[in-house]
>>> print(open('structure27.json').read())   # JSON, C-alpha atoms
[["chain", "number", "residue", "atom", "x", "y", "z"],
["A", 23, "MET", "CA", 41.38, 36.60, 42.26],
["A", 24, "THR", "CA", 42.97, 38.92, 39.70],
["A", 25, "VAL", "CA", 46.01, 37.96, 37.66],
["A", 26, "ARG", "CA", 49.03, 38.45, 39.91],
["A", 27, "THR", "CA", 51.94, 40.09, 38.11],
["A", 28, "ALA", "CA", 54.82, 42.34, 39.11],
["A", 29, "GLN", "CA", 57.98, 43.91, 37.76],
["A", 30, "VAL", "CA", 60.90, 44.91, 39.97],
["A", 31, "GLU", "CA", 64.25, 46.52, 39.21],
["A", 32, "ARG", "CA", 67.28, 46.47, 41.50],
["A", 33, "ASN", "CA", 70.29, 48.62, 40.68],
["A", 34, "THR", "CA", 73.49, 48.68, 42.73],
["A", 35, "LEU", "CA", 77.15, 49.29, 41.97],
["A", 36, "GLU", "CA", 77.51, 45.49, 41.65],
["A", 37, "THR", "CA", 74.40, 44.45, 39.72],
["A", 38, "GLN", "CA", 71.54, 45.74, 37.60],
["A", 39, "ILE", "CA", 68.59, 43.36, 37.62],
["A", 40, "LYS", "CA", 65.07, 43.34, 36.16],
["A", 41, "VAL", "CA", 62.58, 40.66, 37.17],
["A", 42, "ALA", "CA", 59.02, 40.19, 35.91],
["A", 43, "VAL", "CA", 56.69, 37.50, 37.26],
["A", 44, "ASN", "CA", 53.20, 36.24, 36.51],
["A", 45, "LEU", "CA", 52.22, 33.97, 39.39],
["A", 46, "ASP", "CA", 49.28, 32.65, 37.37],
["A", 47, "GLY", "CA", 51.32, 31.78, 34.30],
["A", 48, "ASN", "CA", 52.32, 28.63, 32.45],
["A", 49, "GLY", "CA", 56.06, 28.44, 33.11],
["A", 50, "VAL", "CA", 57.14, 30.70, 30.23],
["A", 51, "THR", "CA", 60.69, 32.00, 30.75],
["A", 52, "SER", "CA", 63.17, 34.51, 29.43],
["A", 53, "PHE", "CA", 66.63, 34.73, 31.01],
["A", 54, "GLN", "CA", 69.69, 36.83, 30.36],
["A", 55, "THR", "CA", 72.02, 36.46, 33.33],
["A", 56, "GLY", "CA", 75.34, 35.16, 32.05],
["A", 57, "LEU", "CA", 74.90, 32.19, 34.41],
["A", 58, "PRO", "CA", 73.72, 29.20, 32.36],
["A", 59, "PHE", "CA", 73.43, 26.70, 35.22],
["A", 60, "LEU", "CA", 71.47, 29.15, 37.38],
["A", 61, "GLU", "CA", 69.17, 29.74, 34.42],
["A", 62, "HIS", "CA", 68.63, 25.97, 34.20],
["A", 63, "MET", "CA", 67.58, 26.02, 37.87],
["A", 64, "LEU", "CA", 65.37, 29.11, 37.44],
["A", 65, "ASP", "CA", 63.65, 27.27, 34.61],
["A", 66, "GLN", "CA", 62.76, 24.52, 37.11],
["A", 67, "ILE", "CA", 61.12, 27.08, 39.41],
["A", 68, "ALA", "CA", 59.08, 28.52, 36.57],
["A", 69, "ARG", "CA", 58.07, 25.22, 34.99],
["A", 70, "HIS", "CA", 57.18, 23.41, 38.20],
["A", 71, "GLY", "CA", 55.73, 26.51, 39.84],
["A", 72, "SER", "CA", 53.64, 27.45, 36.77],
["A", 73, "ILE", "CA", 55.13, 30.93, 37.04],
["A", 74, "ASP", "CA", 56.00, 33.04, 34.01],
["A", 75, "LEU", "CA", 59.44, 34.43, 34.80],
["A", 76, "SER", "CA", 61.68, 36.95, 33.05],
["A", 77, "ILE", "CA", 65.07, 37.86, 34.52],
["A", 78, "GLU", "CA", 67.68, 40.17, 33.05],
["A", 79, "SER", "CA", 70.86, 40.57, 35.10],
["A", 80, "HIS", "CA", 74.09, 42.44, 34.45],
["A", 81, "GLY", "CA", 76.60, 41.98, 37.25],
["A", 82, "ASP", "CA", 80.26, 41.93, 38.17],
["A", 83, "LEU", "CA", 80.82, 38.38, 36.90],
["A", 84, "HIS", "CA", 84.47, 39.25, 36.26],
["A", 85, "ILE", "CA", 84.85, 39.08, 40.08],
["A", 86, "ASP", "CA", 82.59, 36.07, 40.65],
["A", 87, "ALA", "CA", 78.91, 35.16, 40.53],
["A", 88, "HIS", "CA", 78.12, 35.83, 44.20],
["A", 89, "HIS", "CA", 76.61, 39.31, 43.87],
["A", 90, "SER", "CA", 74.54, 38.37, 40.82],
["A", 91, "VAL", "CA", 73.12, 35.16, 42.30],
["A", 92, "GLU", "CA", 72.26, 36.76, 45.65],
["A", 93, "ASP", "CA", 70.71, 39.83, 44.03],
["A", 94, "ILE", "CA", 68.65, 37.72, 41.62],
["A", 95, "GLY", "CA", 67.25, 35.92, 44.68],
["A", 96, "ILE", "CA", 66.54, 39.27, 46.38],
["A", 97, "THR", "CA", 64.81, 40.75, 43.33],
["A", 98, "LEU", "CA", 62.77, 37.60, 42.69],
["A", 99, "GLY", "CA", 61.63, 37.66, 46.33],
["A", 100, "GLN", "CA", 60.56, 41.29, 45.97],
["A", 101, "ALA", "CA", 58.67, 40.55, 42.75],
["A", 102, "VAL", "CA", 56.80, 37.58, 44.22],
["A", 103, "THR", "CA", 55.82, 39.63, 47.29],
["A", 104, "LYS", "CA", 54.60, 42.50, 45.13],
["A", 105, "ALA", "CA", 52.59, 40.17, 42.89],
["A", 106, "LEU", "CA", 50.96, 38.41, 45.87],
["A", 107, "GLY", "CA", 49.57, 41.61, 47.34],
["A", 108, "ASP", "CA", 47.84, 41.14, 50.71],
["A", 109, "LYS", "CA", 47.94, 37.30, 50.46],
["A", 110, "LYS", "CA", 44.21, 36.92, 51.10],
["A", 111, "GLY", "CA", 42.74, 33.71, 49.75],
["A", 112, "ILE", "CA", 45.97, 31.74, 49.26],
["A", 113, "TYR", "CA", 46.85, 28.40, 50.79],
["A", 114, "ARG", "CA", 49.91, 30.05, 52.41],
["A", 115, "TYR", "CA", 51.71, 26.75, 53.08],
["A", 116, "GLY", "CA", 53.28, 24.53, 50.45],
["A", 117, "HIS", "CA", 55.43, 21.42, 50.39],
["A", 118, "ALA", "CA", 56.91, 19.08, 47.82],
["A", 119, "TYR", "CA", 59.18, 16.08, 47.48],
["A", 120, "CYS", "CA", 60.97, 15.75, 44.15],
["A", 121, "PRO", "CA", 63.22, 12.87, 43.04],
["A", 122, "LEU", "CA", 65.68, 12.67, 40.19],
["A", 123, "ASP", "CA", 67.23, 9.23, 39.88],
["A", 124, "GLU", "CA", 69.18, 8.69, 43.13],
["A", 125, "SER", "CA", 68.47, 12.15, 44.53],
["A", 126, "LEU", "CA", 65.47, 13.22, 46.62],
["A", 127, "SER", "CA", 64.77, 16.64, 48.12],
["A", 128, "ARG", "CA", 61.99, 18.11, 50.25],
["A", 129, "VAL", "CA", 60.97, 21.77, 50.39],
["A", 130, "VAL", "CA", 58.40, 23.28, 52.76],
["A", 131, "VAL", "CA", 57.42, 26.96, 52.56],
["A", 132, "ASP", "CA", 55.22, 29.28, 54.61],
["A", 133, "PHE", "CA", 54.35, 32.73, 53.23],
["A", 134, "SER", "CA", 54.25, 33.93, 56.82],
["A", 135, "GLY", "CA", 55.81, 37.37, 56.48],
["A", 136, "ARG", "CA", 58.67, 36.11, 58.67],
["A", 137, "PRO", "CA", 61.95, 35.38, 56.89],
["A", 138, "GLY", "CA", 63.73, 32.21, 57.90],
["A", 139, "LEU", "CA", 65.90, 29.82, 55.90],
["A", 140, "PHE", "CA", 66.69, 26.30, 57.13],
["A", 141, "TYR", "CA", 68.96, 24.76, 54.50],
["A", 142, "GLU", "CA", 70.31, 21.22, 54.82],
["A", 143, "VAL", "CA", 71.94, 20.44, 51.48],
["A", 144, "GLU", "CA", 75.41, 18.93, 51.20],
["A", 145, "PHE", "CA", 77.15, 18.59, 47.87],
["A", 146, "LYS", "CA", 79.98, 16.13, 47.31],
["A", 147, "ARG", "CA", 81.78, 18.64, 45.10],
["A", 148, "ALA", "CA", 82.14, 22.42, 45.10],
["A", 149, "TRP", "CA", 81.34, 23.15, 41.47],
["A", 150, "ILE", "CA", 78.78, 22.10, 38.87],
["A", 151, "GLY", "CA", 80.47, 23.11, 35.66],
["A", 152, "ASN", "CA", 81.44, 26.73, 36.28],
["A", 153, "PHE", "CA", 78.87, 27.27, 39.04],
["A", 154, "ASP", "CA", 79.85, 27.42, 42.73],
["A", 155, "VAL", "CA", 77.31, 25.32, 44.67],
["A", 156, "ASP", "CA", 77.69, 27.55, 47.77],
["A", 157, "LEU", "CA", 75.74, 30.19, 45.85],
["A", 158, "PHE", "CA", 72.50, 28.19, 45.93],
["A", 159, "LYS", "CA", 72.14, 29.01, 49.61],
["A", 160, "GLU", "CA", 72.84, 32.69, 48.88],
["A", 161, "PHE", "CA", 70.08, 32.68, 46.26],
["A", 162, "PHE", "CA", 67.54, 31.20, 48.67],
["A", 163, "GLN", "CA", 68.64, 33.49, 51.52],
["A", 164, "GLY", "CA", 68.10, 36.52, 49.30],
["A", 165, "PHE", "CA", 64.68, 35.23, 48.27],
["A", 166, "VAL", "CA", 63.63, 34.43, 51.84],
["A", 167, "ASN", "CA", 64.69, 37.81, 53.22],
["A", 168, "HIS", "CA", 62.74, 39.76, 50.62],
["A", 169, "ALA", "CA", 59.72, 37.50, 50.08],
["A", 170, "GLY", "CA", 59.20, 37.20, 53.85],
["A", 171, "VAL", "CA", 58.86, 33.43, 53.86],
["A", 172, "THR", "CA", 59.92, 30.61, 56.13],
["A", 173, "LEU", "CA", 61.67, 28.06, 53.95],
["A", 174, "HIS", "CA", 62.93, 24.58, 54.85],
["A", 175, "ILE", "CA", 65.09, 22.86, 52.23],
["A", 176, "ASP", "CA", 66.35, 19.34, 52.87],
["A", 177, "ASN", "CA", 68.21, 17.06, 50.50],
["A", 178, "LEU", "CA", 67.27, 13.61, 51.77],
["A", 179, "LYS", "CA", 69.31, 11.48, 49.37],
["A", 180, "GLY", "CA", 71.74, 12.09, 46.55],
["A", 181, "GLY", "CA", 75.13, 11.60, 45.03],
["A", 182, "ASN", "CA", 75.21, 13.51, 41.76],
["A", 183, "ALA", "CA", 75.53, 17.26, 42.42],
["A", 184, "HIS", "CA", 73.50, 18.23, 39.35],
["A", 185, "HIS", "CA", 70.70, 15.90, 40.42],
["A", 186, "ILE", "CA", 70.71, 17.24, 43.97],
["A", 187, "ALA", "CA", 70.46, 20.85, 42.78],
["A", 188, "GLU", "CA", 67.71, 20.04, 40.32],
["A", 189, "THR", "CA", 65.59, 18.23, 42.91],
["A", 190, "VAL", "CA", 65.92, 21.22, 45.26],
["A", 191, "PHE", "CA", 64.77, 23.72, 42.65],
["A", 192, "LYS", "CA", 61.97, 21.51, 41.33],
["A", 193, "ALA", "CA", 60.67, 20.95, 44.85],
["A", 194, "PHE", "CA", 60.94, 24.68, 45.57],
["A", 195, "GLY", "CA", 58.87, 25.50, 42.49],
["A", 196, "ARG", "CA", 56.23, 22.92, 43.42],
["A", 197, "ALA", "CA", 56.04, 24.07, 47.05],
["A", 198, "VAL", "CA", 55.69, 27.73, 46.05],
["A", 199, "ARG", "CA", 53.00, 26.80, 43.53],
["A", 200, "MET", "CA", 50.99, 25.07, 46.26],
["A", 201, "ALA", "CA", 51.41, 27.91, 48.76],
["A", 202, "ILE", "CA", 50.39, 30.75, 46.44],
["A", 203, "SER", "CA", 47.47, 28.91, 44.82],
["A", 204, "PRO", "CA", 43.99, 30.27, 45.49],
["A", 205, "ASP", "CA", 42.14, 28.32, 48.19],
["A", 206, "PRO", "CA", 38.46, 28.24, 47.16],
["A", 207, "ARG", "CA", 37.38, 27.84, 50.79],
["A", 208, "MET", "CA", 39.35, 30.92, 51.87],
["A", 209, "ALA", "CA", 38.39, 33.38, 49.10],
["A", 210, "GLY", "CA", 38.99, 36.90, 50.39],
["A", 211, "ILE", "CA", 40.08, 35.61, 53.80],
["A", 212, "MET", "CA", 43.50, 36.15, 55.36],
["A", 213, "PRO", "CA", 45.07, 32.73, 56.09],
["A", 214, "SER", "CA", 46.15, 33.74, 59.59],
["A", 215, "THR", "CA", 44.47, 34.19, 62.96],
["A", 216, "LYS", "CA", 46.53, 37.38, 63.34],
["A", 217, "GLY", "CA", 44.60, 39.02, 60.50],
["A", 218, "SER", "CA", 47.68, 39.87, 58.47],
["A", 219, "LEU", "CA", 50.78, 38.25, 57.04]]
>>> encode(input="structure27.json", output="structure tokens")
Amino acid sequence: MTVRTAQVERNTLETQIKVAVNLDGNGVTSFQTGLPFLEHMLDQIARHGSIDLSIESHGDLHIDAHHSVEDIGITLGQAVTKALGDKKGIYRYGHAYCPLDESLSRVVVDFSGRPGLFYEVEFKRAWIGNFDVDLFKEFFQGFVNHAGVTLHIDNLKGGNAHHIAETVFKAFGRAVRMAISPDPRMAGIMPSTKGSL
């Protein structure tokens, strides 16, 4: 399997975003988004997914962070899809449980080609620092729609909002890592009876 990399740009009247990924990386990151807490979460994806990830985003943050967060999710989904190519030889499915102190989250992903987000995460407060927790779902919805994955995210336990968010993103990174890893028993084979994903 060749090294799987991609670069994608998305330019709208609301945001200008550049994303570069190396799916066979070591978790090296470079972020310039103006959203420090989101960058902390993106770092979890990269580190636990062993994905090299560079994101540069300029958006209408003077309004709020919604457009930037959603469009970063969209562009990341596009980049991952582009880097994966035809998906032959991957495990396709991935899952992970990640704890952080009192919090525990589970993420299950299927690189099926069919977008679907099933998100069961409740926060006990609306903000983590200056970050609106509602935007986590917008990020994942953007990713799902443009990566063409089925994604189940469940927070099973938790009290501290920061801990809950971190367990979700760590588990997401781990689940993606499992799903996109080469399966030595399926080298060159499409992981679907349909013949395509």
>>> residues_around(input="structure27.json", residues="Ile202 (chain A)", least_positions_apart="5", cutoff="8 Å", atoms="all atoms listed in the file", output="PDB file with C-alpha atoms, in the coordinates of the input")
ATOM      1  CA  LEU A  45      52.220  33.970  39.390  1.00  0.00           C
ATOM      2  CA  LEU A 106      50.960  38.410  45.870  1.00  0.00           C
ATOM      3  CA  ILE A 112      45.970  31.740  49.260  1.00  0.00           C
ATOM      4  CA  TYR A 113      46.850  28.400  50.790  1.00  0.00           C
ATOM      5  CA  ARG A 114      49.910  30.050  52.410  1.00  0.00           C
ATOM      6  CA  TYR A 115      51.710  26.750  53.080  1.00  0.00           C
ATOM      7  CA  GLY A 116      53.280  24.530  50.450  1.00  0.00           C
TER       8      GLY A 116
END
>>> residues_around(input="structure27.json", residues="Asn48 (chain A)", least_positions_apart="5", cutoff="6 Å", atoms="all atoms listed in the file", output="PyMOL selection string")
chain A and resi 72-74
>>> atom_distance(input="structure27.json", atom1="CA of Glu92 (chain A)", atom2="CA of Gly164 (chain A)")
5.5 Å
>>> closest_residue(input="structure27.json", among="A:Ala87, A:Val129, A:Met63, A:Leu173", to="Asp154 (chain A)", atoms="all atoms listed in the file")
A:Ala87
>>> closest_atom_pairs(input="structure27.json", of="region 33-138 of chain A", to="region 174-188 of chain A", cutoff="7 Å", atoms="only C-alpha atoms", output="CSV")
residue,atom,partner,partner_atom,distance
A:Met63,CA,A:Glu188,CA,6.5
A:Leu122,CA,A:His185,CA,6.0
A:Glu124,CA,A:Gly180,CA,5.5
A:Ser125,CA,A:Gly180,CA,3.8
A:Leu126,CA,A:Lys179,CA,5.0
A:Ser127,CA,A:Asn177,CA,4.2
A:Arg128,CA,A:Asp176,CA,5.2
A:Val129,CA,A:Ile175,CA,4.6
A:Val130,CA,A:His174,CA,5.2
A:Val131,CA,A:His174,CA,6.4
>>> atom_distance(input="structure27.json", atom1="CA of Arg69 (chain A)", atom2="CA of Phe191 (chain A)")
10.3 Å
>>> residues_around(input="structure27.json", residues="Phe59 (chain A)", least_positions_apart="2", cutoff="12 Å", atoms="all atoms listed in the file", output="list of chain:residue names")
A:Phe53, A:Gln54, A:Thr55, A:Gly56, A:Leu57, A:Glu61, A:His62, A:Met63, A:Leu64, A:Asp65, A:Gln66, A:Ala87, A:Val91, A:Trp149, A:Ile150, A:Gly151, A:Asn152, A:Phe153, A:Asp154, A:Val155, A:Leu157, A:Phe158, A:His184, A:Ala187, A:Glu188, A:Phe191
>>> residues_around(input="structure27.json", residues="region 107-110 of chain A", least_positions_apart="2", cutoff="8 Å", atoms="all atoms listed in the file", output="list of chain:residue names")
A:Thr103, A:Lys104, A:Ala105, A:Ile112, A:Arg114, A:Met208, A:Ala209, A:Gly210, A:Ile211, A:Met212, A:Pro213, A:Ser218, A:Leu219
>>> atom_distance(input="structure27.json", atom1="CA of Leu60 (chain A)", atom2="CA of Asn167 (chain A)")
19.3 Å
